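File shown: start.cif (mmCIF, C-alpha atoms and all ligand atoms).
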```
data_work
#
loop_
_atom_site.group_PDB
_atom_site.id
_atom_site.type_symbol
_atom_site.label_atom_id
_atom_site.label_comp_id
_atom_site.auth_asym_id
_atom_site.auth_seq_id
_atom_site.Cartn_x
_atom_site.Cartn_y
_atom_site.Cartn_z
ATOM 1 C CA MET B 8 -0.596 22.663 -6.976
ATOM 2 C CA ASP B 9 -3.842 20.827 -6.372
ATOM 3 C CA LEU B 10 -3.706 17.281 -5.041
ATOM 4 C CA ARG B 11 -6.525 16.292 -7.335
ATOM 5 C CA ASP B 12 -4.442 17.168 -10.359
ATOM 6 C CA LEU B 13 -1.899 14.571 -9.344
ATOM 7 C CA TYR B 14 -3.974 11.709 -8.144
ATOM 8 C CA ARG B 15 -7.305 12.081 -9.789
ATOM 9 C CA ASP B 16 -7.593 9.040 -11.951
ATOM 10 C CA VAL B 17 -6.020 6.159 -10.096
ATOM 11 C CA ILE B 18 -6.073 7.422 -6.533
ATOM 12 C CA VAL B 19 -9.663 8.642 -6.575
ATOM 13 C CA ASP B 20 -10.830 5.472 -8.265
ATOM 14 C CA HIS B 21 -9.107 3.196 -5.754
ATOM 15 C CA ASN B 22 -10.340 5.258 -2.833
ATOM 16 C CA ARG B 23 -13.923 5.151 -4.026
ATOM 17 C CA SER B 24 -13.836 1.496 -4.998
ATOM 18 C CA PRO B 25 -11.114 -0.181 -2.964
ATOM 19 C CA ARG B 26 -10.031 -3.533 -4.359
ATOM 20 C CA ASN B 27 -9.680 -6.549 -2.092
ATOM 21 C CA PHE B 28 -11.444 -4.803 0.781
ATOM 22 C CA GLY B 29 -12.569 -7.028 3.645
ATOM 23 C CA ARG B 30 -11.332 -10.107 5.432
ATOM 24 C CA ILE B 31 -10.239 -13.334 3.875
ATOM 25 C CA ASP B 32 -11.001 -16.701 5.378
ATOM 26 C CA PRO B 33 -8.575 -18.025 7.952
ATOM 27 C CA PRO B 34 -5.989 -19.306 8.309
ATOM 28 C CA VAL B 35 -4.224 -16.115 7.378
ATOM 29 C CA GLN B 36 -1.285 -14.026 8.353
ATOM 30 C CA GLN B 37 -2.110 -10.505 9.351
ATOM 31 C CA ALA B 38 -0.830 -7.247 10.722
ATOM 32 C CA GLU B 39 -2.187 -3.897 11.735
ATOM 33 C CA GLY B 40 -0.762 -0.560 10.726
ATOM 34 C CA PHE B 41 -1.333 2.811 12.291
ATOM 35 C CA ASN B 42 -0.296 6.245 11.120
ATOM 36 C CA PRO B 43 -0.944 8.539 14.092
ATOM 37 C CA LEU B 44 0.060 11.601 12.105
ATOM 38 C CA CYS B 45 -3.061 11.279 9.970
ATOM 39 C CA GLY B 46 -5.171 8.741 11.849
ATOM 40 C CA ASP B 47 -4.942 6.063 9.157
ATOM 41 C CA LYS B 48 -5.594 2.533 10.439
ATOM 42 C CA LEU B 49 -5.236 -0.542 8.261
ATOM 43 C CA HIS B 50 -5.497 -4.262 8.830
ATOM 44 C CA ILE B 51 -3.835 -6.418 6.211
ATOM 45 C CA TYR B 52 -4.711 -10.086 5.752
ATOM 46 C CA LEU B 53 -2.770 -12.393 3.519
ATOM 47 C CA ARG B 54 -2.506 -16.063 2.810
ATOM 48 C CA LEU B 55 0.726 -17.692 1.775
ATOM 49 C CA GLU B 56 0.696 -20.959 -0.141
ATOM 50 C CA GLY B 57 4.272 -22.051 -0.224
ATOM 51 C CA ASN B 58 5.954 -18.739 -0.831
ATOM 52 C CA VAL B 59 3.183 -17.322 -3.028
ATOM 53 C CA ILE B 60 0.699 -14.740 -1.763
ATOM 54 C CA SER B 61 -2.439 -16.535 -2.917
ATOM 55 C CA ASP B 62 -4.788 -13.987 -1.372
ATOM 56 C CA VAL B 63 -4.507 -10.601 0.259
ATOM 57 C CA SER B 64 -7.024 -8.084 1.535
ATOM 58 C CA PHE B 65 -7.337 -5.102 3.808
ATOM 59 C CA GLU B 66 -9.764 -3.413 6.133
ATOM 60 C CA GLY B 67 -9.574 -0.108 7.848
ATOM 61 C CA SER B 68 -10.168 3.548 7.509
ATOM 62 C CA GLY B 69 -8.035 6.466 6.629
ATOM 63 C CA CYS B 70 -7.483 9.259 4.205
ATOM 64 C CA ALA B 71 -7.914 8.806 0.467
ATOM 65 C CA ILE B 72 -4.205 8.240 -0.077
ATOM 66 C CA SER B 73 -3.892 5.517 2.570
ATOM 67 C CA VAL B 74 -6.930 3.633 1.259
ATOM 68 C CA ALA B 75 -5.977 3.980 -2.400
ATOM 69 C CA SER B 76 -2.425 2.896 -1.678
ATOM 70 C CA ALA B 77 -3.678 -0.180 0.196
ATOM 71 C CA SER B 78 -5.997 -1.046 -2.679
ATOM 72 C CA LEU B 79 -3.164 -0.682 -5.179
ATOM 73 C CA MET B 80 -0.844 -2.677 -2.925
ATOM 74 C CA THR B 81 -3.218 -5.654 -2.724
ATOM 75 C CA GLU B 82 -3.543 -5.710 -6.504
ATOM 76 C CA ALA B 83 0.207 -5.483 -6.921
ATOM 77 C CA VAL B 84 1.232 -8.301 -4.578
ATOM 78 C CA LYS B 85 -1.602 -10.791 -5.108
ATOM 79 C CA GLY B 86 -0.243 -13.867 -6.805
ATOM 80 C CA LYS B 87 3.345 -12.745 -6.320
ATOM 81 C CA THR B 88 5.980 -14.631 -4.422
ATOM 82 C CA GLU B 89 7.063 -13.298 -1.066
ATOM 83 C CA THR B 90 10.376 -12.301 -2.641
ATOM 84 C CA ASP B 91 8.685 -10.398 -5.465
ATOM 85 C CA ALA B 92 6.324 -8.658 -3.025
ATOM 86 C CA LEU B 93 9.257 -7.501 -0.929
ATOM 87 C CA ALA B 94 10.997 -6.258 -4.078
ATOM 88 C CA ILE B 95 7.899 -4.206 -4.937
ATOM 89 C CA PHE B 96 7.893 -2.892 -1.364
ATOM 90 C CA ASP B 97 11.501 -1.767 -1.802
ATOM 91 C CA ARG B 98 10.738 0.001 -5.076
ATOM 92 C CA ILE B 99 7.679 1.805 -3.736
ATOM 93 C CA HIS B 100 9.366 2.704 -0.487
ATOM 94 C CA GLY B 101 12.382 3.969 -2.384
ATOM 95 C CA MET B 102 10.212 5.944 -4.763
ATOM 96 C CA LEU B 103 8.232 7.566 -1.939
ATOM 97 C CA THR B 104 11.090 8.315 0.389
ATOM 98 C CA GLY B 105 13.503 9.437 -2.301
ATOM 99 C CA SER B 106 16.166 6.928 -1.376
ATOM 100 C CA ARG B 107 16.557 6.048 -5.034
ATOM 101 C CA GLU B 108 16.078 7.843 -8.309
ATOM 102 C CA ALA B 109 12.992 6.046 -9.440
ATOM 103 C CA ASP B 110 11.621 8.215 -12.201
ATOM 104 C CA ASP B 111 12.984 5.882 -14.850
ATOM 105 C CA ASP B 112 11.078 3.087 -13.197
ATOM 106 C CA LEU B 113 7.694 4.762 -13.181
ATOM 107 C CA ALA B 114 6.532 3.244 -16.435
ATOM 108 C CA ALA B 115 7.418 -0.219 -15.179
ATOM 109 C CA LEU B 116 5.352 0.333 -12.046
ATOM 110 C CA GLY B 117 2.103 0.664 -13.955
ATOM 111 C CA LYS B 118 -0.712 1.944 -11.787
ATOM 112 C CA LEU B 119 1.560 2.102 -8.763
ATOM 113 C CA ALA B 120 3.276 5.069 -10.401
ATOM 114 C CA ALA B 121 0.256 7.134 -9.343
ATOM 115 C CA LEU B 122 1.686 7.010 -5.839
ATOM 116 C CA ALA B 123 4.735 8.948 -7.007
ATOM 117 C CA GLY B 124 2.738 12.178 -6.815
ATOM 118 C CA VAL B 125 2.671 11.813 -3.048
ATOM 119 C CA ARG B 126 6.387 12.655 -2.935
ATOM 120 C CA GLU B 127 5.470 16.283 -3.487
ATOM 121 C CA PHE B 128 3.638 16.253 -0.158
ATOM 122 C CA PRO B 129 6.007 14.956 2.528
ATOM 123 C CA THR B 130 3.353 14.885 5.234
ATOM 124 C CA ARG B 131 1.375 12.403 3.142
ATOM 125 C CA VAL B 132 4.194 9.992 2.401
ATOM 126 C CA LYS B 133 3.444 8.004 5.553
ATOM 127 C CA CYS B 134 -0.174 7.693 4.431
ATOM 128 C CA ALA B 135 1.021 6.030 1.230
ATOM 129 C CA THR B 136 3.698 3.830 2.805
ATOM 130 C CA LEU B 137 1.573 2.599 5.731
ATOM 131 C CA CYS B 138 -0.025 -0.313 3.875
ATOM 132 C CA TRP B 139 3.332 -1.375 2.456
ATOM 133 C CA HIS B 140 4.952 -1.557 5.882
ATOM 134 C CA THR B 141 1.884 -3.383 7.160
ATOM 135 C CA MET B 142 2.014 -5.870 4.279
ATOM 136 C CA LYS B 143 5.671 -6.548 5.072
ATOM 137 C CA SER B 144 4.752 -7.117 8.699
ATOM 138 C CA ALA B 145 1.916 -9.442 7.693
ATOM 139 C CA LEU B 146 4.363 -11.504 5.637
ATOM 140 C CA ALA B 147 6.281 -11.997 8.865
ATOM 141 C CA ASP B 148 2.963 -12.377 10.728
ATOM 142 C CA SER B 149 4.363 -9.963 13.245
ATOM 143 C CA GLY B 150 1.652 -7.819 14.642
ATOM 144 C CA THR B 151 1.364 -4.075 14.696
ATOM 145 C CA VAL B 152 3.380 -1.453 12.903
ATOM 146 C CA THR B 153 3.271 2.262 13.358
ATOM 147 C CA THR B 154 4.765 4.957 11.191
ATOM 148 C CA GLU B 155 5.944 6.884 14.253
HETATM 149 ZN ZN ZN B 201 -3.458 9.607 5.746
#
```

Taking this structure as input, can you express it in the form of structure tokens?
Amino acid sequence: MDLRDLYRDVIVDHNRSPRNFGRIDPPVQQAEGFNPLCGDKLHIYLRLEGNVISDVSFEGSGCAISVASASLMTEAVKGKTETDALAIFDRIHGMLTGSREADDDLAALGKLAALAGVREFPTRVKCATLCWHTMKSALADSGTVTTE
């Protein structure tokens, strides 16, 4: 099976034209994520107003899946409450790591469902989950995360 068959539309688009790429003005909460298995490095910035993520962005470099996932993540959590963002984290993490049967949920995930194809390639799951772990860490403003 060819990776491109699975990810072409959404993943390729978000890798080529990442959304919310760059820094946002301080004061922000932030965290860094590193996936040594692949070499993906991400820096997530987010601003909380009350408990709402009013802005979120990322910088970094990595494989197509890590960048596309980060782009999709910023779109998904922007404007959401902290609680909703963590619920999305749980759904994506569950979908990617197989800890829940999520196929029924794919339609409800919208564009994020494109990440489901990564499950077929276990070595790439950490590429896709990196930004989500980093976002969670940024919500806690708690520094660096690594997938190892
Ligand atoms: Zn990667």

Checklist line | Selection: 9 Å around Asn58 in chain B, only C-alpha atoms, excl. self and same-chain fewer than 4 positions, as a count of residues only | finding: 4

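Identified as lying at most 9 Å from ligand ZN 201 (chain B) when counting only C-alpha atoms and all ligand atoms are the residues B:Asn42, B:Pro43, B:Leu44, B:Cys45, B:Gly46, B:Asp47, B:Lys48, B:Gly69, B:Cys70, B:Ala71, B:Ile72, B:Ser73, B:Val74, B:Thr130, B:Arg131, B:Val132, B:Lys133, B:Cys134, B:Ala135, B:Leu137.
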
Can those selected residues be exported to a file as a PDB file, in the frame of the given file so that it contains C-alpha atoms?
```pdb
ATOM      1  CA  ASN B  42      -0.296   6.245  11.120  1.00  0.00           C
ATOM      2  CA  PRO B  43      -0.944   8.539  14.092  1.00  0.00           C
ATOM      3  CA  LEU B  44       0.060  11.601  12.105  1.00  0.00           C
ATOM      4  CA  CYS B  45      -3.061  11.279   9.970  1.00  0.00           C
ATOM      5  CA  GLY B  46      -5.171   8.741  11.849  1.00  0.00           C
ATOM      6  CA  ASP B  47      -4.942   6.063   9.157  1.00  0.00           C
ATOM      7  CA  LYS B  48      -5.594   2.533  10.439  1.00  0.00           C
ATOM      8  CA  GLY B  69      -8.035   6.466   6.629  1.00  0.00           C
ATOM      9  CA  CYS B  70      -7.483   9.259   4.205  1.00  0.00           C
ATOM     10  CA  ALA B  71      -7.914   8.806   0.467  1.00  0.00           C
ATOM     11  CA  ILE B  72      -4.205   8.240  -0.077  1.00  0.00           C
ATOM     12  CA  SER B  73      -3.892   5.517   2.570  1.00  0.00           C
ATOM     13  CA  VAL B  74      -6.930   3.633   1.259  1.00  0.00           C
ATOM     14  CA  THR B 130       3.353  14.885   5.234  1.00  0.00           C
ATOM     15  CA  ARG B 131       1.375  12.403   3.142  1.00  0.00           C
ATOM     16  CA  VAL B 132       4.194   9.992   2.401  1.00  0.00           C
ATOM     17  CA  LYS B 133       3.444   8.004   5.553  1.00  0.00           C
ATOM     18  CA  CYS B 134      -0.174   7.693   4.431  1.00  0.00           C
ATOM     19  CA  ALA B 135       1.021   6.030   1.230  1.00  0.00           C
ATOM     20  CA  LEU B 137       1.573   2.599   5.731  1.00  0.00           C
TER      21      LEU B 137
END
```

Report the residues retrieved by the PyMOL selection byres (((chain B and resi 149) around 12) and not hetatm) from the displayed file, expressed as a PDB file with C-alpha atoms, keeping the file's coordinate frame.
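Once everything was written out, this is expr_6.pdb:
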```
ATOM      1  CA  GLN B  36      -1.285 -14.026   8.353  1.00  0.00           C
ATOM      2  CA  GLN B  37      -2.110 -10.505   9.351  1.00  0.00           C
ATOM      3  CA  ALA B  38      -0.830  -7.247  10.722  1.00  0.00           C
ATOM      4  CA  GLU B  39      -2.187  -3.897  11.735  1.00  0.00           C
ATOM      5  CA  GLY B  40      -0.762  -0.560  10.726  1.00  0.00           C
ATOM      6  CA  ILE B  51      -3.835  -6.418   6.211  1.00  0.00           C
ATOM      7  CA  TYR B  52      -4.711 -10.086   5.752  1.00  0.00           C
ATOM      8  CA  HIS B 140       4.952  -1.557   5.882  1.00  0.00           C
ATOM      9  CA  THR B 141       1.884  -3.383   7.160  1.00  0.00           C
ATOM     10  CA  MET B 142       2.014  -5.870   4.279  1.00  0.00           C
ATOM     11  CA  LYS B 143       5.671  -6.548   5.072  1.00  0.00           C
ATOM     12  CA  SER B 144       4.752  -7.117   8.699  1.00  0.00           C
ATOM     13  CA  ALA B 145       1.916  -9.442   7.693  1.00  0.00           C
ATOM     14  CA  LEU B 146       4.363 -11.504   5.637  1.00  0.00           C
ATOM     15  CA  ALA B 147       6.281 -11.997   8.865  1.00  0.00           C
ATOM     16  CA  ASP B 148       2.963 -12.377  10.728  1.00  0.00           C
ATOM     17  CA  GLY B 150       1.652  -7.819  14.642  1.00  0.00           C
ATOM     18  CA  THR B 151       1.364  -4.075  14.696  1.00  0.00           C
ATOM     19  CA  VAL B 152       3.380  -1.453  12.903  1.00  0.00           C
TER      20      VAL B 152
END
```

Note to self: To one decimal place in Å, what is the distance between CA of Asp16 in chain B and CA of Leu119 in chain B?
What the structure shows: 11.9 Å

Next item on the list: Extract, using only C-alpha atoms, all DNA, RNA and protein residues at most 8 Å from Phe65 in chain B, discarding same-chain residues fewer than 5 positions from it, and format them as number ranges by chain.
Entry: B: 27-30, 49-52, 77-78, 81

Next item on the list: Find the distance between CA of Phe96 in chain B and CA of Arg23 in chain B and write it in Å to one decimal.
Entry: 23.4 Å

Given the PyMOL selection byres (((chain B and resi 99) around 10) and not hetatm) and the file above, list the residues it selects as a PDB file with C-alpha atoms, in the frame of the given file.
```
ATOM      1  CA  MET B  80      -0.844  -2.677  -2.925  1.00  0.00           C
ATOM      2  CA  LEU B  93       9.257  -7.501  -0.929  1.00  0.00           C
ATOM      3  CA  ALA B  94      10.997  -6.258  -4.078  1.00  0.00           C
ATOM      4  CA  ILE B  95       7.899  -4.206  -4.937  1.00  0.00           C
ATOM      5  CA  PHE B  96       7.893  -2.892  -1.364  1.00  0.00           C
ATOM      6  CA  ASP B  97      11.501  -1.767  -1.802  1.00  0.00           C
ATOM      7  CA  ARG B  98      10.738   0.001  -5.076  1.00  0.00           C
ATOM      8  CA  HIS B 100       9.366   2.704  -0.487  1.00  0.00           C
ATOM      9  CA  GLY B 101      12.382   3.969  -2.384  1.00  0.00           C
ATOM     10  CA  MET B 102      10.212   5.944  -4.763  1.00  0.00           C
ATOM     11  CA  LEU B 103       8.232   7.566  -1.939  1.00  0.00           C
ATOM     12  CA  THR B 104      11.090   8.315   0.389  1.00  0.00           C
ATOM     13  CA  GLY B 105      13.503   9.437  -2.301  1.00  0.00           C
ATOM     14  CA  ARG B 107      16.557   6.048  -5.034  1.00  0.00           C
ATOM     15  CA  ALA B 109      12.992   6.046  -9.440  1.00  0.00           C
ATOM     16  CA  LEU B 113       7.694   4.762 -13.181  1.00  0.00           C
ATOM     17  CA  LEU B 116       5.352   0.333 -12.046  1.00  0.00           C
ATOM     18  CA  LEU B 119       1.560   2.102  -8.763  1.00  0.00           C
ATOM     19  CA  ALA B 120       3.276   5.069 -10.401  1.00  0.00           C
ATOM     20  CA  LEU B 122       1.686   7.010  -5.839  1.00  0.00           C
ATOM     21  CA  ALA B 123       4.735   8.948  -7.007  1.00  0.00           C
ATOM     22  CA  ALA B 135       1.021   6.030   1.230  1.00  0.00           C
ATOM     23  CA  THR B 136       3.698   3.830   2.805  1.00  0.00           C
ATOM     24  CA  TRP B 139       3.332  -1.375   2.456  1.00  0.00           C
TER      25      TRP B 139
END
```

Next item on the list: Could you jot down the CA of Leu53 in chain B to CA of Pro34 in chain B separation for me, Å, one decimal place?
Entry: 9.0 Å

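Ranking B:Ala115, B:Asp91, B:Ser64, B:Arg126 by their shortest atom-to-atom distance to Leu79 in chain B, with only C-alpha atoms included, puts B:Ser64 first.
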
Checklist line | Shortest interatomic distance to Lys85 in chain B - which of B:Val125, B:Ile18, B:Gly67, B:Glu56, counting all atoms listed in the file | finding: B:Glu56
